[in-house]
Amino acid sequence: MSNHLIRYLIPLILLIIIVPLISESAAQTNPTIKEFTIVARQWGYEPSVIEVNRGDEVIIKLKSADVSHGIFIEGYDVGTKLILKEGWPPEKTIRFVADKPGAFTFRCNVNCGQFHPFMTGKLIVKPNYPYIFSSTLAVLIAAVYVVFLHQRRREMSSETGEEQNEEKNTYWKFDLLQIPPIKKLLKLRSFQFIVIFPNILLFFLLISAAFFGTPVGSKNISSLVVFLWLALLMLLLVPLGGRVWCMSCPMPAIGEWIQRGTLTGKSKKTLGMGRMWPEKLDNIWLQNFTFLLLSTFIGVFATRTYATGWLLVILLILPVIFFLIYRGRVWCRYICPVSGFVGLYSMIAPLELRVKDRNLCVKHVGKDCIRGNEKGYACPWHESPPNLNRNAYCGLCMECIKTCPLDNISLNLRLGGEDLYVEPSYGARKRGLDEAYKTFIMTTLAVVYALIFVGPYDSLKSIANFMGGSAYASCCSSISTLSNGVEANVESFFPENFAIFFGLIWGSTLIVTPGLYSIFIALSRAASGARISFRKLFINYSYTLIPESLVAWMAFSVYIILINGSYLIAAVSDPFGWGWDLFGTAHYQWTPYLTWLLSYIQIALIILGFIFSIKVTHEISNRTFNDESQAFKASIPLIAMHLGFTLLVLRVWIGGII
């Protein structure tokens, strides 16, 4: 490292040390007793945010405005329950010393209705060291990276663009098909049936539980599995396996089996009309809209078991219809709301399916992977394996491994993220606004979902719960009764709340975020001084948002799994809530895990995503601009944008409030 760079780094490193010390000095106060009266109501607290100083003795008196409630403070692991029953006190008290700095979520620990899992507030213990350190670290990383790029630009000024590009395209890969048992397994015609069938059985169990089980979401396996599965998908399956879920997804299976007329074999004739998908719709705009539609009703699907059931039924029936009209997995590629974001984030995954030698494919006349043969079908995803250079639209169905007579397919482990840098080639559809807007949708909703489901904002929960209603009567009969004695089983549609929530979801993702992003693109274009189209920069740089938006979802997912995952332990023994105890765990109590470590896991994820995004920004800049100086100048506003988003996500999760 040059002396020039070190001169910049020393004051920046000192900055991250000095800022927290200054904040500590400013926050020095004598510990006092802080007393709060918190009123709980469906589904929030008043006040929903309380602030104390480190060392204060905190006394919280809990009261209820409607049904039985409780309070549990994550990180401190203290709480109490207020049961509205004759002979029970009208309020409960907890007392503890606030000896841990940071932002801590407190939540209801008594089943009180549909939005019970998301009834939360925030305890802020000042000085909030985790937020101070993490936000300062993010600023430091951005500053150091800019200095590093500036210095590197000088050092590389003598290198040719050709040499640089050659270096960029060299990545480590290992072909898993070199392992004989894996290759033999993937060549089996029954392979996909083997991985799908257990999920089909689980799917029907979830549908049955949704319609015939208890309406209490935290006791019904359908709502729990669907919500926790989405969290697991974002936290592990997509980041590590890319499209592995699409390989085993049960939603299109029945339609595909009907179309083929077989479960595992290779039939010569297929059922259905066999139409080709319209060329004008060869994009993911429909997936964008189906995902936004699903997000519009997320408050209903996540909290009503009957709604979960209908969602699962629809996700089984619609694919069958499309399989009977069109060829292959049109549903998966163009319509499925899950497939859209899985494809987006699979470009980061360390798993890819590619051809070994494209020239060998070009010379081969048969094109079996595209047309199919006696060993397998043409690519159901309407991809051309020789042209694959991104994961976005490969569903890992493994048909091309079976059909290729040249043994020219590889299933590679890699470092991951390479797909973000490349432009689709060899006549494949280019990157477009549809993928850019999918990125805006996922980036925005990662923050919006966190604010709705974990934030202390009662108003957001109210508009998300636009079906209204209190607790289900069956829920209340087991845990509490309404304070006014009225049986609560009320579902009323509130059009004004629906309109606001619809506007929030669609407006923030399609207007606000793209608008703010456009400002940074305009600044980037102006800073570069290059004559390059705004549209090209708009599309190319949108991929720089993918890493940090994924880790924002991962921060959300790790929270959901660690805090609410224990509900599943009881539900597997009593999936319908009928009083069964199949595995002896039906009475397992809700237990949040690793609450003391949770915020540090989230900080690590968010910071790593930030680093990844600015690295992608640098790579895409160099591929977009021919001149190294222009690429450097163009990246500065984008790095500022990523820093702003990272600070926002840190504020939501680690700062506690915005």
# chains A, B, ... in the order shown; residues from 1 in each chain; ligands from 1

$ residues_around --residues "region 120-126 of chain A" --least-positions-apart "5" --cutoff "7 Å" --atoms "only C-alpha atoms" --output "NGL selection string"
:A and (44-45 or 48-54 or 98 or 101-108 or 454-456 or 656)

$ write_last_selection --atoms "all heavy atoms" --output "compact mmCIF listing (two decimals), in the first residue's frame"
# COMPACT_ATOMS: atom_id res chain seq x y z
N GLY A 44 -50.39 -2.98 18.96
CA GLY A 44 -49.32 -2.03 19.19
C GLY A 44 -49.28 -1.59 20.64
O GLY A 44 -50.10 -2.02 21.48
N TYR A 45 -48.34 -0.72 20.95
CA TYR A 45 -48.16 -0.21 22.31
C TYR A 45 -48.17 1.31 22.29
O TYR A 45 -47.81 1.94 21.29
CB TYR A 45 -46.82 -0.69 22.88
CG TYR A 45 -46.70 -2.18 23.08
CD1 TYR A 45 -46.12 -2.98 22.11
CD2 TYR A 45 -47.16 -2.78 24.25
CE1 TYR A 45 -45.98 -4.35 22.29
CE2 TYR A 45 -47.03 -4.15 24.44
CZ TYR A 45 -46.45 -4.93 23.46
OH TYR A 45 -46.33 -6.29 23.64
N SER A 48 -44.92 3.47 21.88
CA SER A 48 -44.32 2.35 21.16
C SER A 48 -42.80 2.43 21.17
O SER A 48 -42.14 1.45 20.81
CB SER A 48 -44.82 2.31 19.72
OG SER A 48 -44.50 3.52 19.05
N VAL A 49 -42.25 3.58 21.56
CA VAL A 49 -40.80 3.74 21.66
C VAL A 49 -40.48 4.37 23.01
O VAL A 49 -41.07 5.40 23.37
CB VAL A 49 -40.25 4.64 20.53
CG1 VAL A 49 -38.75 4.83 20.69
CG2 VAL A 49 -40.57 4.07 19.16
N ILE A 50 -39.58 3.74 23.75
CA ILE A 50 -39.13 4.31 25.02
C ILE A 50 -37.61 4.41 24.98
O ILE A 50 -36.93 3.52 24.46
CB ILE A 50 -39.60 3.50 26.24
CG1 ILE A 50 -39.12 2.05 26.16
CG2 ILE A 50 -41.11 3.53 26.34
CD1 ILE A 50 -39.48 1.22 27.39
N GLU A 51 -37.07 5.50 25.53
CA GLU A 51 -35.64 5.74 25.50
C GLU A 51 -35.11 5.91 26.92
O GLU A 51 -35.72 6.61 27.74
CB GLU A 51 -35.31 6.98 24.67
CG GLU A 51 -35.68 6.85 23.20
CD GLU A 51 -35.24 8.05 22.39
OE1 GLU A 51 -34.69 9.00 22.99
OE2 GLU A 51 -35.41 8.04 21.16
N VAL A 52 -33.99 5.24 27.19
CA VAL A 52 -33.34 5.35 28.49
C VAL A 52 -31.84 5.46 28.25
O VAL A 52 -31.36 5.28 27.13
CB VAL A 52 -33.65 4.13 29.39
CG1 VAL A 52 -35.14 4.00 29.64
CG2 VAL A 52 -33.10 2.85 28.76
N ASN A 53 -31.09 5.74 29.32
CA ASN A 53 -29.64 5.75 29.25
C ASN A 53 -29.08 4.47 29.86
O ASN A 53 -29.71 3.86 30.74
CB ASN A 53 -29.08 6.97 29.98
CG ASN A 53 -29.48 8.27 29.32
OD1 ASN A 53 -29.42 8.40 28.10
ND2 ASN A 53 -29.91 9.24 30.12
N ARG A 54 -27.92 4.10 29.39
CA ARG A 54 -27.29 2.89 29.92
C ARG A 54 -27.07 3.04 31.43
O ARG A 54 -26.59 4.07 31.91
CB ARG A 54 -25.96 2.64 29.22
CG ARG A 54 -25.36 1.29 29.57
CD ARG A 54 -24.09 1.03 28.81
NE ARG A 54 -23.05 1.99 29.14
CZ ARG A 54 -21.77 1.82 28.83
NH1 ARG A 54 -21.40 0.76 28.14
NH2 ARG A 54 -20.88 2.74 29.16
N ALA A 98 -30.96 -1.30 32.57
CA ALA A 98 -30.62 -1.18 31.15
C ALA A 98 -29.10 -1.10 31.00
O ALA A 98 -28.53 -0.05 30.76
CB ALA A 98 -31.29 0.06 30.56
N PRO A 101 -26.33 -1.37 25.83
CA PRO A 101 -26.71 -0.30 24.90
C PRO A 101 -27.20 -0.86 23.57
O PRO A 101 -26.85 -1.96 23.17
CB PRO A 101 -25.39 0.46 24.71
CG PRO A 101 -24.34 -0.57 24.92
CD PRO A 101 -24.87 -1.51 25.95
N GLY A 102 -28.05 -0.08 22.91
CA GLY A 102 -28.55 -0.50 21.60
C GLY A 102 -30.04 -0.29 21.47
O GLY A 102 -30.69 0.33 22.33
N ALA A 103 -30.60 -0.83 20.40
CA ALA A 103 -32.05 -0.78 20.15
C ALA A 103 -32.60 -2.18 20.28
O ALA A 103 -32.11 -3.11 19.63
CB ALA A 103 -32.33 -0.22 18.76
N PHE A 104 -33.63 -2.35 21.08
CA PHE A 104 -34.18 -3.66 21.37
C PHE A 104 -35.69 -3.66 21.09
O PHE A 104 -36.40 -2.75 21.51
CB PHE A 104 -33.91 -4.04 22.83
CG PHE A 104 -32.45 -4.00 23.20
CD1 PHE A 104 -31.89 -2.83 23.69
CD2 PHE A 104 -31.65 -5.10 23.03
CE1 PHE A 104 -30.55 -2.77 24.03
CE2 PHE A 104 -30.30 -5.05 23.35
CZ PHE A 104 -29.74 -3.88 23.86
N THR A 105 -36.12 -4.68 20.40
CA THR A 105 -37.54 -4.82 20.10
C THR A 105 -38.25 -5.42 21.30
O THR A 105 -37.77 -6.39 21.90
CB THR A 105 -37.75 -5.73 18.88
OG1 THR A 105 -37.10 -5.14 17.75
CG2 THR A 105 -39.22 -5.89 18.56
N PHE A 106 -39.38 -4.84 21.68
CA PHE A 106 -40.25 -5.54 22.63
C PHE A 106 -41.53 -5.91 21.92
O PHE A 106 -42.00 -5.21 21.03
CB PHE A 106 -40.50 -4.73 23.92
CG PHE A 106 -41.08 -3.37 23.76
CD1 PHE A 106 -42.45 -3.18 23.65
CD2 PHE A 106 -40.26 -2.24 23.77
CE1 PHE A 106 -43.00 -1.90 23.53
CE2 PHE A 106 -40.80 -0.96 23.64
CZ PHE A 106 -42.17 -0.80 23.52
N ARG A 107 -42.08 -7.06 22.28
CA ARG A 107 -43.21 -7.62 21.54
C ARG A 107 -44.18 -8.30 22.48
O ARG A 107 -43.86 -8.61 23.63
CB ARG A 107 -42.72 -8.63 20.52
CG ARG A 107 -41.96 -9.80 21.10
CD ARG A 107 -41.59 -10.85 20.05
NE ARG A 107 -41.01 -10.28 18.88
CZ ARG A 107 -41.62 -10.24 17.68
NH1 ARG A 107 -42.84 -10.73 17.56
NH2 ARG A 107 -41.00 -9.73 16.64
N CYS A 108 -45.37 -8.54 21.96
CA CYS A 108 -46.40 -9.22 22.73
C CYS A 108 -46.08 -10.71 22.80
O CYS A 108 -45.73 -11.33 21.79
CB CYS A 108 -47.77 -9.01 22.08
SG CYS A 108 -49.14 -9.73 23.03
N VAL A 454 -41.86 -5.35 11.89
CA VAL A 454 -40.98 -5.34 13.05
C VAL A 454 -40.89 -3.95 13.67
O VAL A 454 -40.55 -3.81 14.84
CB VAL A 454 -39.57 -5.84 12.67
CG1 VAL A 454 -38.68 -5.95 13.90
CG2 VAL A 454 -39.66 -7.21 11.98
N GLY A 455 -41.21 -2.92 12.93
CA GLY A 455 -41.09 -1.57 13.43
C GLY A 455 -42.14 -1.22 14.47
O GLY A 455 -43.16 -1.92 14.62
N PRO A 456 -41.96 -0.12 15.18
CA PRO A 456 -42.89 0.29 16.24
C PRO A 456 -44.02 1.19 15.74
O PRO A 456 -44.57 1.97 16.51
CB PRO A 456 -41.97 1.06 17.19
CG PRO A 456 -40.97 1.71 16.28
CD PRO A 456 -40.76 0.74 15.14
N GLY A 656 -33.19 1.39 15.43
CA GLY A 656 -34.47 1.18 16.11
C GLY A 656 -35.63 1.94 15.51
O GLY A 656 -36.74 1.44 15.45

$ residues_around --residues "Phe193 (chain A)" --least-positions-apart "4" --cutoff "7 Å" --atoms "only C-alpha atoms" --output "PDB file with N, CA and C atoms, in the first residue's frame"
ATOM      1  N   PHE A 197     -41.666 -34.473  -4.962  1.00  0.00           N
ATOM      2  CA  PHE A 197     -42.782 -35.195  -4.347  1.00  0.00           C
ATOM      3  C   PHE A 197     -42.946 -34.908  -2.852  1.00  0.00           C
ATOM      4  N   LEU A 263     -45.112 -39.081 -14.784  1.00  0.00           N
ATOM      5  CA  LEU A 263     -44.486 -38.509 -13.602  1.00  0.00           C
ATOM      6  C   LEU A 263     -42.971 -38.427 -13.747  1.00  0.00           C
ATOM      7  N   THR A 264     -42.391 -39.454 -14.336  1.00  0.00           N
ATOM      8  CA  THR A 264     -40.930 -39.507 -14.418  1.00  0.00           C
ATOM      9  C   THR A 264     -40.403 -39.826 -15.813  1.00  0.00           C
TER      10      THR A 264
END

$ closest_residue --among "A:Tyr345, A:Trp43, A:Tyr541, A:Tyr559" --to "Leu240 (chain A)" --atoms "only C-alpha atoms"
A:Tyr345

$ select_by_dssp --residues "region 139-349 of chain A" --states "strand (DSSP E or B)" --output "PyMOL selection string"
chain A and resi 173-175+275+326

$ closest_residue --among "A:Gly265, A:Ala526, A:Ile83, A:Tyr588" --to "Gln630 (chain A)" --atoms "only C-alpha atoms"
A:Ala526

$ closest_residue --among "A:Met347, A:Leu360, A:Ala530, A:Ile539" --to "Asp627 (chain A)" --atoms "only C-alpha atoms"
A:Ala530

$ atom_distance --atom1 "CA of Phe203 (chain A)" --atom2 "CA of Leu351 (chain A)"
26.3 Å

$ atom_distance --atom1 "CA of Asn283 (chain A)" --atom2 "CA of Val342 (chain A)"
14.9 Å

$ residues_around --residues "Ser135 (chain A)" --least-positions-apart "3" --cutoff "7 Å" --atoms "only C-alpha atoms" --output "number ranges by chain"
A: 131-132, 138-139, 647, 650

$ decode --residues "region 429-461 of chain A" --atoms "N, CA and C atoms" --output "CSV table (one decimal), in the first residue's frame"
chain,number,residue,atom,x,y,z
A,429,ARG,N,-32.0,-12.3,-24.9
A,429,ARG,CA,-32.7,-11.0,-24.6
A,429,ARG,C,-31.8,-10.2,-23.6
A,430,LYS,N,-31.6,-9.0,-24.0
A,430,LYS,CA,-30.7,-8.1,-23.2
A,430,LYS,C,-31.3,-7.7,-21.9
A,431,ARG,N,-30.4,-7.2,-21.0
A,431,ARG,CA,-30.9,-6.6,-19.8
A,431,ARG,C,-31.8,-5.4,-20.1
A,432,GLY,N,-32.9,-5.3,-19.3
A,432,GLY,CA,-33.9,-4.2,-19.6
A,432,GLY,C,-34.5,-3.6,-18.4
A,433,LEU,N,-35.4,-2.8,-18.6
A,433,LEU,CA,-36.1,-2.0,-17.5
A,433,LEU,C,-36.9,-3.0,-16.6
A,434,ASP,N,-37.3,-4.1,-17.2
A,434,ASP,CA,-38.1,-5.1,-16.3
A,434,ASP,C,-37.3,-5.6,-15.2
A,435,GLU,N,-36.0,-5.9,-15.5
A,435,GLU,CA,-35.1,-6.4,-14.4
A,435,GLU,C,-34.7,-5.3,-13.5
A,436,ALA,N,-34.5,-4.1,-14.0
A,436,ALA,CA,-34.2,-2.9,-13.2
A,436,ALA,C,-35.3,-2.7,-12.2
A,437,TYR,N,-36.6,-2.7,-12.7
A,437,TYR,CA,-37.7,-2.5,-11.7
A,437,TYR,C,-37.9,-3.6,-10.8
A,438,LYS,N,-37.6,-4.8,-11.1
A,438,LYS,CA,-37.6,-5.9,-10.2
A,438,LYS,C,-36.7,-5.6,-9.0
A,439,THR,N,-35.5,-5.0,-9.3
A,439,THR,CA,-34.5,-4.6,-8.3
A,439,THR,C,-35.1,-3.5,-7.4
A,440,PHE,N,-35.7,-2.5,-8.0
A,440,PHE,CA,-36.3,-1.5,-7.2
A,440,PHE,C,-37.4,-2.0,-6.3
A,441,ILE,N,-38.2,-2.9,-6.8
A,441,ILE,CA,-39.3,-3.5,-6.0
A,441,ILE,C,-38.7,-4.3,-4.8
A,442,MET,N,-37.7,-5.1,-5.0
A,442,MET,CA,-37.2,-5.9,-3.9
A,442,MET,C,-36.4,-5.0,-2.9
A,443,THR,N,-35.7,-4.0,-3.5
A,443,THR,CA,-34.9,-3.1,-2.6
A,443,THR,C,-35.8,-2.3,-1.7
A,444,THR,N,-36.9,-1.8,-2.2
A,444,THR,CA,-37.8,-1.0,-1.5
A,444,THR,C,-38.6,-1.8,-0.4
A,445,LEU,N,-39.1,-3.0,-0.8
A,445,LEU,CA,-39.9,-3.8,0.1
A,445,LEU,C,-39.1,-4.4,1.2
A,446,ALA,N,-37.8,-4.6,1.0
A,446,ALA,CA,-37.0,-5.0,2.1
A,446,ALA,C,-37.1,-4.1,3.3
A,447,VAL,N,-37.2,-2.8,3.0
A,447,VAL,CA,-37.3,-1.8,4.1
A,447,VAL,C,-38.7,-1.7,4.5
A,448,VAL,N,-39.6,-1.6,3.6
A,448,VAL,CA,-41.1,-1.5,3.9
A,448,VAL,C,-41.5,-2.6,4.8
A,449,TYR,N,-41.2,-3.8,4.5
A,449,TYR,CA,-41.6,-5.0,5.3
A,449,TYR,C,-41.0,-4.9,6.7
A,450,ALA,N,-39.8,-4.5,6.8
A,450,ALA,CA,-39.2,-4.4,8.1
A,450,ALA,C,-39.9,-3.4,9.0
A,451,LEU,N,-40.3,-2.2,8.4
A,451,LEU,CA,-41.0,-1.2,9.1
A,451,LEU,C,-42.4,-1.7,9.5
A,452,ILE,N,-43.1,-2.4,8.6
A,452,ILE,CA,-44.4,-2.9,8.9
A,452,ILE,C,-44.4,-4.0,10.0
A,453,PHE,N,-43.6,-5.0,9.8
A,453,PHE,CA,-43.8,-6.2,10.6
A,453,PHE,C,-42.9,-6.2,11.8
A,454,VAL,N,-41.9,-5.4,11.9
A,454,VAL,CA,-41.0,-5.3,13.0
A,454,VAL,C,-40.9,-3.9,13.7
A,455,GLY,N,-41.2,-2.9,12.9
A,455,GLY,CA,-41.1,-1.6,13.4
A,455,GLY,C,-42.1,-1.2,14.5
A,456,PRO,N,-42.0,-0.1,15.2
A,456,PRO,CA,-42.9,0.3,16.2
A,456,PRO,C,-44.0,1.2,15.7
A,457,TYR,N,-44.4,1.1,14.4
A,457,TYR,CA,-45.3,2.0,13.8
A,457,TYR,C,-46.7,1.4,13.7
A,458,ASP,N,-47.6,1.7,14.7
A,458,ASP,CA,-48.9,1.1,14.7
A,458,ASP,C,-49.7,1.4,13.5
A,459,SER,N,-49.5,2.6,13.0
A,459,SER,CA,-50.3,3.1,11.8
A,459,SER,C,-50.0,2.2,10.6
A,460,LEU,N,-48.8,1.8,10.4
A,460,LEU,CA,-48.4,0.9,9.3
A,460,LEU,C,-49.1,-0.4,9.4
A,461,LYS,N,-49.1,-1.0,10.6
A,461,LYS,CA,-49.8,-2.3,10.9
A,461,LYS,C,-51.3,-2.2,10.6
